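Visitor: Here it is: the structure, laid out below.
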Amino acid sequence: MKKFKGKAIYNPSGKAGEYSYWACNFYTGCSNGCQYCYCKRGVMAHTWSDTPKLKACFKNKAHALEVFVAILFNKKILSL
Ligand code: SF4
C-alpha cells in the first residue's frame, strides 16, 4: 500500500512505523520536558520548542480539525 503523507494524518516511516501504521500530529514541540527527549537533539531540534505550537500548515485549531476530518473520510480511515 502506498504511504500517505498528509498534514494531520500520515503513515510514519522508519522505526516510528513499527508502533502504528497511522499517526496524527497537529503540533511541533512538547511541554513534558523529558531528559531523554530525542526530538530536542535530533533533526527536529531547529523547530522544537518546550511550548507546543500548531504546525504552520494550519491556519488555526478549527482549520486543523477540518483538515483532519476531511482526511479521515476522504481516505476512508473512518466511514459513516
Ligand atoms: S520524549 Fe520529548 S516529545 Fe516525548 S513526551 Fe518527552 S519531551 Fe515530549
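Going through the C-alpha cells in order, the chains are called A, B, and so on, while each chain numbers its residues from 1 and the ligands are numbered from 1 in the order shown.
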Neighbouring residues of ligand 1 are defined here as those with any atom at most 6 Å from a ligand atom, counting only C-alpha atoms and all ligand atoms; list them as a PyMOL selection string.
Guide: chain A and resi 30+32-34+37+39
Visitor: Rounded to one decimal place, report the CA of Glu66 (chain A)-CA of Ser20 (chain A) distance in Å.
Guide: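 That distance, rounded to one decimal, is 22.8 Å.
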Visitor: Need to verify the contact set: Trp48 (chain A), 9 Å, only C-alpha atoms, exclusion of same-chain residues closer than 2 positions in sequence. Can you return it as JSON, numbers by chain?
Guide: {"A": [28, 29, 30, 39, 40, 41, 44, 45, 46, 50, 51, 52]}
Visitor: Write the selection just made, keeping C-alpha atoms, as a PDB file, in the first residue's frame?
Guide:
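Final output, again08.pdb:
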```pdb
ATOM      1  CA  THR A  28       5.543  20.690  16.978  1.00  0.00           C
ATOM      2  CA  GLY A  29       7.096  20.889  20.420  1.00  0.00           C
ATOM      3  CA  CYS A  30       6.233  19.320  23.738  1.00  0.00           C
ATOM      4  CA  CYS A  39      13.311  15.492  19.462  1.00  0.00           C
ATOM      5  CA  LYS A  40      15.267  18.223  21.217  1.00  0.00           C
ATOM      6  CA  ARG A  41      18.552  16.863  19.902  1.00  0.00           C
ATOM      7  CA  MET A  44      13.670  18.304  14.801  1.00  0.00           C
ATOM      8  CA  ALA A  45      15.897  20.376  17.110  1.00  0.00           C
ATOM      9  CA  HIS A  46      15.720  23.533  14.965  1.00  0.00           C
ATOM     10  CA  ASP A  50       9.077  23.441  25.087  1.00  0.00           C
ATOM     11  CA  THR A  51       5.789  25.100  24.129  1.00  0.00           C
ATOM     12  CA  PRO A  52       3.748  23.079  21.624  1.00  0.00           C
TER      13      PRO A  52
END
```
Visitor: From a backbone DSSP assignment, name each residue in chain A labelled helix (DSSP H, G or I), as a count of residues only.
Guide: 19
Visitor: CA of Lys15 (chain A) and CA of Ala70 (chain A), how far apart in Å?
Guide: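 Interatomic distance, CA of Ala70 (chain A) to CA of Lys15 (chain A): 27.2 Å.
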Visitor: Give the strand (DSSP E or B) residues of chain A, as assigned by DSSP on the backbone, as number ranges by chain.
Guide: A: 5, 9-10, 23-24, 27-28, 53-54
